[in-house]
2 protein chains.
Amino acid sequence: MSTATCIFCDPSGESVVWSDPRCRVLHVTDADFAGFCRVVWNEHVTEFSDLDETDRSHLMKIVAAVERSLRSMLSPHKMNIASLGNQTPHLHWHVIPRYRDDSHYPNAIWAAPQREARKRALADDFSARLRKAIESALV
Amino acid sequence: MSTATCIFCDPSGESVVWSDPRCRVLHVTDADFAGFCRVVWNEHVTEFSDLDETDRSHLMKIVAAVERSLRSMLSPHKMNIASLGNQTPHLHWHVIPRYRDDSHYPNAIWAAPQREARKRALADDFSARLRKAIESALV
């Protein structure tokens, strides 16, 4: 995949919650998984182990800050984190709050649904509050 | 879940490839996903963000070493990394080599299979070679 055809190199319509020169945090609007975020490495890199230790530590610090913020704000039963990228081979992490009554629990969100999800509405200012929570978690 | 009922606190039959006082690398025997490994944090911790930055960096250094070793030994098309733990809420990372002709590609391994997997046999000394590769990657 060339960078010209990579949706993370040539993004549109992203909801960027937080960013720095190396990576950005996106809020993914997903009716079944409220609070779903992605942490995207800005440079076009395919695999986690393509990064050197300094960049890996920076990226995972952001991932952990997002996870901690979502836990604090939403009190999920579990958090799921994954870097797959089979369809979009540009390094990014899914950070997903999970609930026992979501559509797929206890299976992965990529498995077959188990039930109709209990819908969880997010506050209108969710993104703004998440940004503040990430900033606080990074202090 | 109490630690007494946690399969990673009270393990049996694990194929430990590499370990240190904080974590261990397991080779998961999975006919469809040759080379599948798990990196398990030894202490019973539920979420990635329960670890402090020093421990997180250590754990991800091991995860990256496993990923780099598997890439070098098996030349997969893509690597997948995930920390889910909905069924076993003890911090562990799946590190999975993926191939375009595996059973689920390009979907996650937890999705519905797409085809019969092309079987990939591992060398008899795979675990020993993986251990050496991890050690080299950590230097």
# chains A, B, ... in the order shown; residues from 1 in each chain; ligands from 1
call {"tool": "select_by_dssp", "arguments": {"residues": "stretch 52-95 of chain B", "states": "strand (DSSP E or B)", "output": "VMD selection string"}}
result
chain B and resid 78 to 83 92 to 95
call {"tool": "interface_residues", "arguments": {"of": "chain B", "to": "chain A", "cutoff": "7 Å", "atoms": "only C-alpha atoms", "output": "NGL selection string"}}
result
:B and (47-49 or 57 or 64 or 67-68 or 78-84 or 86-87 or 106-108 or 110-112)
call {"tool": "atom_distance", "arguments": {"atom1": "atom CA of B:Pro76", "atom2": "atom CA of B:Arg118"}}
result
12.9 Å
call {"tool": "residues_around", "arguments": {"residues": "A:Ala117", "least_positions_apart": "3", "cutoff": "6 Å", "atoms": "only C-alpha atoms", "output": "count of residues only"}}
result
3
call {"tool": "atom_distance", "arguments": {"atom1": "atom CA of B:Leu122", "atom2": "atom CA of B:Ala34"}}
result
6.9 Å
call {"tool": "closest_residue", "arguments": {"among": "A:Phe8, A:Trp41, A:Phe126, A:Trp18", "to": "A:Met73", "atoms": "only C-alpha atoms"}}
result
A:Phe126
call {"tool": "atom_distance", "arguments": {"atom1": "atom CA of A:Cys23", "atom2": "atom CA of A:Val40"}}
result
5.5 Å
call {"tool": "residues_around", "arguments": {"residues": "B:Thr29", "least_positions_apart": "4", "cutoff": "12 Å", "atoms": "only C-alpha atoms", "output": "count of residues only"}}
result
16
call {"tool": "residues_around", "arguments": {"residues": "A:Pro11", "least_positions_apart": "5", "cutoff": "12 Å", "atoms": "only C-alpha atoms", "output": "PyMOL selection string"}}
result
chain A and resi 3-6+16+24+26+40+42+90
